[in-house]
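*Asks:* Take a look at this one; I'll ask things after.
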Amino acid sequence: MRLFLYSFILLLCSSQSLNAAAKIDHWQTPQGSRVYYVRTEGLPMADIQVLFDAGSARDGQQFGLAALTAGLLDTGAGQWDANAIADRFESVGAIFGAASSIDSASLSLRTLTDKPLFDKAVDTMQVILARPRFNEADFQREKNRTLAGLKQQEESPSDLASIAFYKTLYYGHPYAHPSSGNLKTVAALTADDLRRFYQKYYVATNAIIVIVGDLTKQQAEQTAEKLVAGLPTGQRPGALPDVTMPVKSTQQHIEFPSTQTHVLVGLPGTYRKDADYFNLYVGNHILGGSGLVSKLFEEVREKRGLAYSASSAFITMLKPGPFLVSLQTRNDQTPQALQVLNKTLADFIANGPSEAELAAAKKNITGGFAMRFDTNKELASYVGMIGFYGLPLDYLNNFQQKIEQVTVASISDAFKRRVNPQLLQTVTVGKSAK
């Protein structure tokens with residue numbers, strides 16, 4: 001039964017696509033939860049997400065608390081242990097998951113809409129939301145698993161570079177620490193800490209519910225109210241503190257016995273509702289976000305063979321996330337690779353892209369945009385992003401128009417104002433060349 005249903009879901013998802021012009025309905029439940037709903041006909045399934053402002057930025061000094069809380073939700077709830085929960089979802093062909101990031105924590109459900117199957121899947125999700133156990137045995141198992149993963153990070157130069165980079169950019173800010181915490185902070189956590197975190201942040205007014213699928217609006221309303229029925233009303237957390245820009249550039253090297261050096265260069269960049277977002281997005285696509293045809297790839301890899309790849313990205317969050325340029329290079333080539341990276345970036349900031357590069361970037365971005373959400377699951381993720389970051393409901397419909405409005409002048413202006421080469425933070429992890 002489970003194998004047939006799951007195969008059926010995959011077949012439907014791969015054989016049909018969604019209309020790019022998604023109509024998003026929005027309302028609030030009586031408890032204050034925000035609901036975002038998209039009706040998609042033809043696929044007898046639904047994707048549901050419940051998001052909370054409960055990511056690692058809410059850890060306080062207990063780094064790793066949000067991630068461990070989210071990870072424990074489906075290990076036991078109500079009268080069911082982890083096996084019973086898994087059996088309930090498998091018996092109706094449903095797929096459930098829980099995750100956390102820096103900004104948010106989320107629960108997701110993919111289920112068929114046939115009423116008996118749908119009701120059982122939603123009922124199970126509701127119990128996980130409202131009555132997680134956080135019992136000691138489950139907690140100790142997940143905590144030990146987390147600690148083992150943190151020990152493995154100490155052997156990964158890429159992980160060490162990322163941790164050092166975020167700490168350098170956001171020192172003292174809630175974005176500074178890794179979502180998974182560190183050995184000291186995770187070792188000190190207790191099951192009661194998780195319960196308190198859950199009780200504070202997993203409340204109805206802090207919940208965003210996303211429903212995408214072959215359900216009527218009435219069914220969506222009933223589903224949304226059922227999911228948060230067992231949650232206290234609570235209140236939303238306060239705004240995160242503003243990000244402070246660095247006052248000067250720094251360079252940090254971490255010695256590591258590897259043949260390759262990991263290089264990260266950047267500074268706090270942009271956030272989801274930034275007026276400069278589309279200019280920075282398109283500009284970065286040309287600079288280092290488009291893979292094999294980007295300026296960074298051409299200068300670092302194609303012309304000089306200094307790295308297998310080189311890329312850049314604006315990671316957008318509630319507050320300005322990092323603008324990040326990264327590459328890996330042979331240890332003895334690190335100084336040259338870093339020099340080329342910085343020069344390519346400085347030249348782009350000073351001169352901007354060409355008209356031909358901009359035209360190619362627009363064509364690439366808009367041409368593949370609809371494919372990014374051509375399944376219920378992908379569309380639900382985009383709708384969740386729209387809801388969590390408070391973007392306009394017509395964001396997806398207007399995305400291509402916003403891209404087309406970007407000009408060479410607007411890219412140059414945005415990069416000059418938002419990426420100051422004199423404030424770049426550099427982190428390298430590898431073996432120093434003799």
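Order determines the names: the first chain of the structure tokens is A, the second B, and so forth; residues in each chain are numbered 1 upward, and ligands are numbered 1 upward as they are shown.
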Contacts of range 415-429 of chain A at 7 Å or less, counting only C-alpha atoms, minus same-chain residues fewer than 4 places along, as a ChimeraX atom specification?

*Replies:* /A:157,161,165,246-256,261-267,269,280,346,349,411

*Asks:* Need the shell around Asp214 in chain A: protein/DNA/RNA residues with any atom at most 8 Å away, counting only C-alpha atoms. Skip same-chain ones fewer than 6 positions apart. Format as a CSV table (one decimal) with C-alpha atoms, in the first residue's frame?

*Replies:*
chain,number,residue,atom,x,y,z
A,39,ARG,CA,-5.5,25.7,-5.0
A,40,THR,CA,-3.9,23.4,-7.6
A,41,GLU,CA,-6.2,21.1,-9.4
A,42,GLY,CA,-5.4,17.8,-11.1
A,43,LEU,CA,-3.1,16.3,-8.6
A,44,PRO,CA,-5.0,14.5,-5.8
A,45,MET,CA,-2.5,15.5,-3.2
A,46,ALA,CA,-1.5,18.4,-0.9
A,113,THR,CA,-6.2,14.3,-0.5

*Asks:* Using only C-alpha atoms, determine which residues lie at most 12 Å from Gly181 in chain A, disregarding the query and same-chain residues fewer than 5 positions distant; provide the list as a PyMOL selection string.

*Replies:* chain A and resi 55-57+59-68+101-102+143+146-147+149-151+153+163+174-176+186-189

*Asks:* Set the distance at 6 Å and use only C-alpha atoms: which residues neighbour Leu51 in chain A once local chain neighbours fewer than 2 positions away are removed? I'd like the list as a list of chain:residue names.

*Replies:*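 Those residues are A:Ala105, A:Ser106, A:Ala207, A:Ile208.
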
*Asks:* Name the residues of range 263-413 of chain A that come out as strand (DSSP E) in a backbone DSSP run; write them as a list in words.

*Replies:*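 Written out, the strand (DSSP E) residues of range 263-413 of chain A are Val263, Leu264, Val265, Gly266, Leu267, Pro268, Ala307, Tyr308, Ser309, Ala310, Ser311, Ser312, Ala313, Phe314, Pro322, Phe323, Leu324, Val325, Ser326, Leu327, Gln328, Thr329 and Arg330 of chain A.
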
*Asks:* Might you pull out every residue within 7 Å of range 336-342 of chain A, with only C-alpha atoms counted and same-chain residues fewer than 4 positions away left off, and present them as a PyMOL selection string?

*Replies:* chain A and resi 296+300+306+346

*Asks:* Sort by chain and increasing residue number a table of all residues of range 114-172 of chain A within 10 Å of range 321-329 of chain A, each with its closest pair of atoms and their distance in Å to one decimal, counting only C-alpha atoms, and write it as JSON lines.

*Replies:*
{"residue": "A:Ser158", "atom": "CA", "partner": "A:Gln328", "partner_atom": "CA", "distance": 9.2}
{"residue": "A:Phe165", "atom": "CA", "partner": "A:Pro322", "partner_atom": "CA", "distance": 9.3}
{"residue": "A:Tyr166", "atom": "CA", "partner": "A:Pro322", "partner_atom": "CA", "distance": 8.0}
{"residue": "A:Leu169", "atom": "CA", "partner": "A:Pro322", "partner_atom": "CA", "distance": 7.7}
{"residue": "A:Tyr170", "atom": "CA", "partner": "A:Pro322", "partner_atom": "CA", "distance": 9.2}

*Asks:* Can you write just those residues out, N, CA and C atoms, as a JSON list (two decimals), in the first residue's frame?

*Replies:*
[["chain", "number", "residue", "atom", "x", "y", "z"],
["A", 158, "SER", "N", 35.70, 22.83, 5.28],
["A", 158, "SER", "CA", 34.60, 23.67, 4.80],
["A", 158, "SER", "C", 33.70, 24.10, 5.95],
["A", 165, "PHE", "N", 33.55, 32.18, 9.38],
["A", 165, "PHE", "CA", 33.07, 33.28, 8.55],
["A", 165, "PHE", "C", 31.86, 33.95, 9.19],
["A", 166, "TYR", "N", 30.87, 33.16, 9.61],
["A", 166, "TYR", "CA", 29.69, 33.74, 10.24],
["A", 166, "TYR", "C", 30.04, 34.44, 11.55],
["A", 169, "LEU", "N", 31.58, 37.82, 10.58],
["A", 169, "LEU", "CA", 30.62, 38.79, 10.07],
["A", 169, "LEU", "C", 29.64, 39.27, 11.12],
["A", 170, "TYR", "N", 29.23, 38.37, 12.02],
["A", 170, "TYR", "CA", 28.11, 38.67, 12.91],
["A", 170, "TYR", "C", 28.46, 38.60, 14.39]]

*Asks:* Closest to Glu355 in chain A among A:Ala409, A:Met317, A:Ala86, A:Leu379, using only C-alpha atoms?

*Replies:*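 Answer, going by the shortest atom-to-atom distance: A:Ala409.
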
*Asks:* Given the choices A:Val408, A:Ala433, A:Ala137, A:Leu231, which gets closest to Asn351 in chain A if the distance is worked out from only C-alpha atoms?

*Replies:*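 The answer is A:Val408, which sits nearest to Asn351 in chain A.
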
*Asks:* Can you tell me which residues surround range 199-204 of chain A at a distance of at most 9 Å, considering only C-alpha atoms, apart from same-chain residues fewer than 4 positions away, and format the answer as a list in words?

*Replies:* Thr29, Gln31, Gly32, Ser33, Arg34, Phe52, Asp53, Ala54, Arg58, Leu129, Ala130, Leu194, Arg195, Ile208, Val228, Ala229, Gly230, Leu231, Pro232, Thr233, Gly234, Gln235, Arg236 and Pro237 of chain A

*Asks:* Write out, as a short mmCIF file (atom, residue, chain, number, x, y, z; two decimals), in the first residue's frame, the residues just selected, with C-alpha atoms.

*Replies:*
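File written: part_21.cif
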data_model
loop_
_atom_site.label_atom_id
_atom_site.label_comp_id
_atom_site.auth_asym_id
_atom_site.auth_seq_id
_atom_site.Cartn_x
_atom_site.Cartn_y
_atom_site.Cartn_z
CA THR A 29 -7.21 31.72 11.94
CA GLN A 31 -5.99 32.17 17.05
CA GLY A 32 -3.96 34.52 14.87
CA SER A 33 -2.05 32.04 12.72
CA ARG A 34 -1.35 33.36 9.23
CA PHE A 52 7.60 29.34 13.14
CA ASP A 53 9.96 32.21 13.86
CA ALA A 54 11.94 29.71 15.91
CA ARG A 58 16.31 32.53 18.84
CA LEU A 129 2.56 20.02 16.69
CA ALA A 130 0.53 20.18 19.88
CA LEU A 194 13.70 22.10 24.77
CA ARG A 195 10.28 22.11 26.42
CA ILE A 208 2.49 30.45 9.40
CA VAL A 228 -3.18 24.87 15.45
CA ALA A 229 -6.20 23.90 17.57
CA GLY A 230 -4.02 22.45 20.31
CA LEU A 231 -1.52 25.31 20.44
CA PRO A 232 -1.75 28.17 22.94
CA THR A 233 -2.28 31.59 21.40
CA GLY A 234 1.03 32.96 22.70
CA GLN A 235 2.71 35.88 20.99
CA ARG A 236 5.23 36.55 18.27
CA PRO A 237 8.84 37.08 19.31
#

*Asks:* Using only C-alpha atoms, which residue out of A:Ala350, A:Ala361, A:Ala70, A:Ile315 lies closest to Val293 in chain A?

*Replies:*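 Of the candidates, the smallest distance to Val293 in chain A is held by A:Ala361.
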
*Asks:* Within range 356-397 of chain A, find each residue whose DSSP state, derived from the backbone, is alpha helix (DSSP H), and express the selection as number ranges by chain.

*Replies:* A: 356-367, 376-388, 395-397
